[in-house]
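A short write-up of the structure that comes next.
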Protein chains: 2
Amino acid sequence: MTTQRIWTAALVVIGDEILSGRTQDKNVAQIATWLNVQGIRLKEVRVVADDQGAIVEAVNALRARNDYLFTTGGIGPTHDDITVDAVAAALGVPVVVHPEARAILEAYYATRGGLNEGRLRMARVPEGADLIPNSYSGAPGIRVGNLFIMAGVPHITAGMLDRLTGQLEGGAPLVSRTIGCWVPESEIADLLAATEKAHEGCQIGSYPFFREGSVGANFVIRSTDQDKLDACAADLIAGLRETGREAVDGGI
Amino acid sequence: MTTQRIWTAALVVIGDEILSGRTQDKNVAQIATWLNVQGIRLKEVRVVADDQGAIVEAVNALRARNDYLFTTGGIGPTHDDITVDAVAAALGVPVVVHPEARAILEAYYATRGGLNEGRLRMARVPEGADLIPNSYSGAPGIRVGNLFIMAGVPHITAGMLDRLTGQLEGGAPLVSRTIGCWVPESEIADLLAATEKAHEGCQIGSYPFFREGSVGANFVIRSTDQDKLDACAADLIAGLRETGREAVDGGI
């Protein structure tokens, strides 16, 4: 039996608008889902303010212990967009104007009033960086080694993730299978624990719900091995049946 | 002029389901919004896995530098619910069964099949803890000093926040005002920076959007002082008018 190398990523969500409650973050879920397909596991997320010290601390803590680090937010043209400066400070490199980014922005704004100081801010990158194409508006994302600086607006980030698909080295994708059941999770907690324990390499998460006047739960089994996943699911379904309950493969 | 004490909180969101992308977190936004009303600012959020080491590290890092710390998730009856044990480990106290929590659960499950081992797990608390009533289901939240252990299910957390309203010492509530304008933010970045600089105690966030075929932005001004907020908003509206654009008070 070989031990699989597990590839991990972390995410720093940058923005006062998330911490104030004004904006509902969508990037954690979409980046997590995308990473799973690349065979990379999202290990930790930090949400920090538009504050250089807070960004530097989070970037340095998380890049040291993960294969990849993503940031979202703070790469626009206004005074509160300080991500590039903060990441450069964290890496200990200067900020430079990327010639290709400048050319992209010149072309994009040619019919939109031209480049100005604010717009030129979006051509600034940590020294040594490459660009991640932006399919929807001018300003590109930025890649510096294994650090990816993405937009805050979710659909722009989605476009940038598309451009990165298949480019990051990962392990076996995490697969999952959901077994639903109209049962209070608290009635079958022992069964869940025993089933997980009997199937190494599988984790079972339990997500209760209250619907149509009844309680139920979805049990999500996760593994990097489809055979192990299916064996675990079969045992869980059989175990639920022994308690007199029918499982719903695929979840409720 | 007196310097206002700023009260801060941090939040640890606990759960593999958030990091896998399966579940869209709702607790960051609702806790942030609730904290604003209490005069407490959410400074940082960490999302960590159902992993004791990760929870302990996040809890200890964040409680050391904030007035309050909240956690969400991981307080149910199943094997993956390890928040109480992890928080107790972080605090260096044992886990005990809280007699009142046990009584609540006994009453709740009296007509639902009775207490079992899994359900009794939800009566366990870090030693010295008090309970936060749960308006929707049996298992209570937990308060240990300035640390608040809340449910993961958003409407249950909402009920627990209701019970805590007005009980936490805070400063002046953060107030905000939104000025919308059909303008690309990149055209008026200088105006935003200058306006913020001219109004100490106010922060201006710029949130661009693309709607009805046009680009625009909402500028959110935040302050703990209503007069300063209004003066800043008036200047921003005047500044936008000087560029030939009409501001929409209240946002677009």
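We label chains A, B, ... in the order they appear in the structure tokens, count residues from 1 in each chain, and number ligands from 1 in the order shown.
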
Do you know which residues are at most 10 Å from Asn27 in chain B counting only C-alpha atoms, after dropping those on the same chain fewer than 4 positions away, and could you put them as a ChimeraX atom specification?
-> /A:21,24 /B:11,13,31-33,71-73,150-155,157-158

Can those selected residues be exported to a file as a CSV table (one decimal), in the first residue's frame so that it contains N, CA and C atoms?
chain,number,residue,atom,x,y,z
A,21,GLY,N,-20.2,42.2,7.0
A,21,GLY,CA,-21.5,41.6,6.7
A,21,GLY,C,-22.2,42.1,5.5
A,24,GLN,N,-22.0,38.8,1.0
A,24,GLN,CA,-21.9,37.4,1.3
A,24,GLN,C,-20.8,36.8,0.4
B,11,LEU,N,-14.0,35.2,14.6
B,11,LEU,CA,-14.9,34.0,14.4
B,11,LEU,C,-14.1,32.8,13.8
B,13,VAL,N,-15.0,29.4,12.0
B,13,VAL,CA,-16.0,28.6,11.4
B,13,VAL,C,-15.4,27.2,11.3
B,31,ILE,N,-23.3,36.9,11.7
B,31,ILE,CA,-22.6,37.3,12.9
B,31,ILE,C,-22.0,38.7,12.8
B,32,ALA,N,-21.4,38.9,11.6
B,32,ALA,CA,-20.8,40.3,11.4
B,32,ALA,C,-21.9,41.4,11.6
B,33,THR,N,-23.0,41.2,10.9
B,33,THR,CA,-24.1,42.2,11.0
B,33,THR,C,-24.6,42.3,12.4
B,71,THR,N,-17.3,30.7,17.8
B,71,THR,CA,-17.1,29.6,16.9
B,71,THR,C,-18.5,29.2,16.4
B,72,THR,N,-18.5,28.6,15.2
B,72,THR,CA,-19.8,28.0,14.7
B,72,THR,C,-19.4,26.6,14.2
B,73,GLY,N,-20.4,25.7,14.4
B,73,GLY,CA,-20.3,24.4,13.9
B,73,GLY,C,-19.6,23.4,14.8
B,150,MET,N,-21.3,28.4,19.1
B,150,MET,CA,-22.6,28.5,18.5
B,150,MET,C,-22.8,27.3,17.5
B,151,ALA,N,-24.1,27.1,17.1
B,151,ALA,CA,-24.4,26.1,16.2
B,151,ALA,C,-23.8,26.4,14.8
B,152,GLY,N,-23.8,25.4,13.9
B,152,GLY,CA,-23.4,25.6,12.5
B,152,GLY,C,-24.6,25.9,11.7
B,153,VAL,N,-25.8,25.4,12.0
B,153,VAL,CA,-27.0,25.6,11.2
B,153,VAL,C,-27.4,27.1,11.4
B,154,PRO,N,-27.5,27.9,10.3
B,154,PRO,CA,-27.6,29.3,10.5
B,154,PRO,C,-28.8,29.8,11.3
B,155,HIS,N,-30.0,29.2,11.1
B,155,HIS,CA,-31.2,29.7,11.8
B,155,HIS,C,-31.1,29.4,13.3
B,157,THR,N,-28.2,29.4,14.9
B,157,THR,CA,-27.2,30.4,15.4
B,157,THR,C,-28.0,31.7,15.5
B,158,ALA,N,-28.8,32.0,14.6
B,158,ALA,CA,-29.6,33.3,14.6
B,158,ALA,C,-30.4,33.4,15.9

List the neighbours of Leu229 in chain A out to 10 Å using only C-alpha atoms; skip same-chain residues closer than 3 positions along the sequence, and give me the result as a PDB file with N, CA and C atoms, in the first residue's frame.
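Saved result, out-v6.pdb, follows:
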ATOM      1  N   VAL A 175     -13.294  12.428  -4.014  1.00  0.00           N
ATOM      2  CA  VAL A 175     -14.639  12.103  -4.481  1.00  0.00           C
ATOM      3  C   VAL A 175     -15.560  11.979  -3.269  1.00  0.00           C
ATOM      4  N   SER A 176     -16.841  12.161  -3.502  1.00  0.00           N
ATOM      5  CA  SER A 176     -17.779  12.096  -2.387  1.00  0.00           C
ATOM      6  C   SER A 176     -19.070  11.419  -2.827  1.00  0.00           C
ATOM      7  N   ARG A 177     -19.785  10.912  -1.871  1.00  0.00           N
ATOM      8  CA  ARG A 177     -21.076  10.290  -2.141  1.00  0.00           C
ATOM      9  C   ARG A 177     -21.974  10.617  -0.962  1.00  0.00           C
ATOM     10  N   HIS A 199     -13.715   1.913   7.823  1.00  0.00           N
ATOM     11  CA  HIS A 199     -13.314   2.190   6.435  1.00  0.00           C
ATOM     12  C   HIS A 199     -12.226   3.254   6.408  1.00  0.00           C
ATOM     13  N   GLU A 200     -10.983   2.788   6.531  1.00  0.00           N
ATOM     14  CA  GLU A 200      -9.859   3.711   6.522  1.00  0.00           C
ATOM     15  C   GLU A 200      -9.806   4.466   5.200  1.00  0.00           C
ATOM     16  N   GLY A 201      -9.465   5.721   5.257  1.00  0.00           N
ATOM     17  CA  GLY A 201      -9.389   6.515   4.032  1.00  0.00           C
ATOM     18  C   GLY A 201     -10.713   7.147   3.660  1.00  0.00           C
ATOM     19  N   CYS A 202     -11.747   6.937   4.484  1.00  0.00           N
ATOM     20  CA  CYS A 202     -13.045   7.579   4.253  1.00  0.00           C
ATOM     21  C   CYS A 202     -13.395   8.454   5.456  1.00  0.00           C
ATOM     22  N   GLN A 203     -13.940   9.623   5.180  1.00  0.00           N
ATOM     23  CA  GLN A 203     -14.514  10.437   6.260  1.00  0.00           C
ATOM     24  C   GLN A 203     -16.014  10.562   6.000  1.00  0.00           C
ATOM     25  N   ILE A 204     -16.770  10.492   7.088  1.00  0.00           N
ATOM     26  CA  ILE A 204     -18.219  10.690   6.975  1.00  0.00           C
ATOM     27  C   ILE A 204     -18.603  11.967   7.703  1.00  0.00           C
ATOM     28  N   ILE A 221     -19.896  11.007   2.458  1.00  0.00           N
ATOM     29  CA  ILE A 221     -18.667  10.219   2.580  1.00  0.00           C
ATOM     30  C   ILE A 221     -17.661  10.781   1.593  1.00  0.00           C
ATOM     31  N   ARG A 222     -16.438  11.042   2.052  1.00  0.00           N
ATOM     32  CA  ARG A 222     -15.398  11.596   1.187  1.00  0.00           C
ATOM     33  C   ARG A 222     -14.173  10.688   1.216  1.00  0.00           C
ATOM     34  N   SER A 223     -13.556  10.528   0.046  1.00  0.00           N
ATOM     35  CA  SER A 223     -12.351   9.706  -0.044  1.00  0.00           C
ATOM     36  C   SER A 223     -11.629  10.079  -1.336  1.00  0.00           C
ATOM     37  N   THR A 224     -10.382   9.711  -1.443  1.00  0.00           N
ATOM     38  CA  THR A 224      -9.704   9.853  -2.731  1.00  0.00           C
ATOM     39  C   THR A 224      -9.760   8.534  -3.505  1.00  0.00           C
ATOM     40  N   ASP A 225     -10.426   7.527  -2.950  1.00  0.00           N
ATOM     41  CA  ASP A 225     -10.459   6.195  -3.561  1.00  0.00           C
ATOM     42  C   ASP A 225     -11.911   5.783  -3.773  1.00  0.00           C
ATOM     43  N   GLN A 226     -12.307   5.662  -5.038  1.00  0.00           N
ATOM     44  CA  GLN A 226     -13.714   5.382  -5.356  1.00  0.00           C
ATOM     45  C   GLN A 226     -14.174   4.038  -4.783  1.00  0.00           C
ATOM     46  N   CYS A 232     -17.715   1.810   1.743  1.00  0.00           N
ATOM     47  CA  CYS A 232     -18.179   2.511   2.939  1.00  0.00           C
ATOM     48  C   CYS A 232     -19.664   2.859   2.801  1.00  0.00           C
ATOM     49  N   ALA A 233     -20.049   3.342   1.616  1.00  0.00           N
ATOM     50  CA  ALA A 233     -21.452   3.698   1.382  1.00  0.00           C
ATOM     51  C   ALA A 233     -22.347   2.462   1.504  1.00  0.00           C
ATOM     52  N   ALA A 234     -21.893   1.326   0.958  1.00  0.00           N
ATOM     53  CA  ALA A 234     -22.690   0.102   1.018  1.00  0.00           C
ATOM     54  C   ALA A 234     -22.918  -0.308   2.474  1.00  0.00           C
TER      55      ALA A 234
END

Kindly determine which residues of chain A lie within 8 Å of chain B, considering only C-alpha atoms, and give the answer as number ranges by chain.
-> A: 16-24, 26, 28-33, 36, 41-49, 76-80, 116, 118-119, 185-190, 192-193, 204-206

Could you pull out all residues of range 127-244 of chain B with a DSSP call of strand (DSSP E or B) and give them as a PyMOL selection string?
-> chain B and resi 130-132+141-144+147-150+175-181+203-211+214-223

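Here CA of Gln4 in chain A is placed at a distance of 12.1 Å from CA of Ile40 in chain A.
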
Test item, helix (DSSP H, G or I) assignment across range 110-225 of chain B, answer as a list in words =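 Taking range 110-225 of chain B and keeping helix (DSSP H, G or I) only, one gets Glu117, Gly118, Arg119, Leu120, Arg121, Pro154, His155, Ile156, Thr157, Ala158, Gly159, Met160, Leu161, Asp162, Arg163, Leu164, Glu185, Ser186, Glu187, Ala189, Asp190, Leu191, Leu192, Ala193, Ala194, Thr195, Glu196, Lys197 and Ala198 of chain B.
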
Separation of CA of Leu164 in chain A and CA of Thr8 in chain A, in Å?
-> 16.0 Å

With a distance cut-off of 8 Å and only C-alpha atoms, select the neighbouring residues of Thr83 in chain B, excluding the residue or stretch itself and same-chain residues fewer than 3 positions from it, and output the selection as number ranges by chain.
-> B: 14, 50, 52, 55, 73-75, 86-87

Prev. selection, N, CA and C atoms, output as a compact mmCIF listing (two decimals), in the first residue's frame:
# COMPACT_ATOMS: atom_id res chain seq x y z
N ILE B 14 -16.05 26.22 11.91
CA ILE B 14 -15.50 24.87 11.99
C ILE B 14 -16.31 23.93 11.11
N ASP B 50 -12.64 19.93 10.64
CA ASP B 50 -13.01 19.21 11.86
C ASP B 50 -11.77 18.48 12.38
N GLN B 52 -8.86 18.67 15.59
CA GLN B 52 -8.63 19.31 16.89
C GLN B 52 -7.44 20.27 16.88
N ILE B 55 -8.39 23.53 15.19
CA ILE B 55 -9.32 24.34 15.98
C ILE B 55 -8.58 25.00 17.15
N GLY B 73 -20.38 25.71 14.44
CA GLY B 73 -20.25 24.37 13.88
C GLY B 73 -19.63 23.37 14.84
N GLY B 74 -19.95 22.10 14.61
CA GLY B 74 -19.29 21.02 15.34
C GLY B 74 -19.80 20.78 16.74
N ILE B 75 -21.07 21.16 17.03
CA ILE B 75 -21.58 20.89 18.38
C ILE B 75 -22.76 19.92 18.37
N ALA B 86 -12.23 20.42 21.51
CA ALA B 86 -11.12 21.24 21.02
C ALA B 86 -11.03 22.56 21.79
N VAL B 87 -12.18 23.18 22.06
CA VAL B 87 -12.15 24.45 22.81
C VAL B 87 -11.65 24.20 24.23

What gap, in Å, lies between CA of Gly171 in chain A and CA of Ile6 in chain A?
->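 According to the coordinates, CA of Gly171 in chain A and CA of Ile6 in chain A are separated by 6.1 Å.
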
Within 8 Å of Ser214 in chain A using only C-alpha atoms, minus same-chain residues under 3 positions, as a PyMOL selection string | chain A and resi 182+210-211

Convert the current residue selection to file output with C-alpha atoms, as a CSV table (one decimal), in the first residue's frame.
chain,number,residue,atom,x,y,z
A,182,TRP,CA,-35.1,10.5,7.3
A,210,PHE,CA,-35.6,19.8,9.1
A,211,ARG,CA,-37.9,19.6,6.1
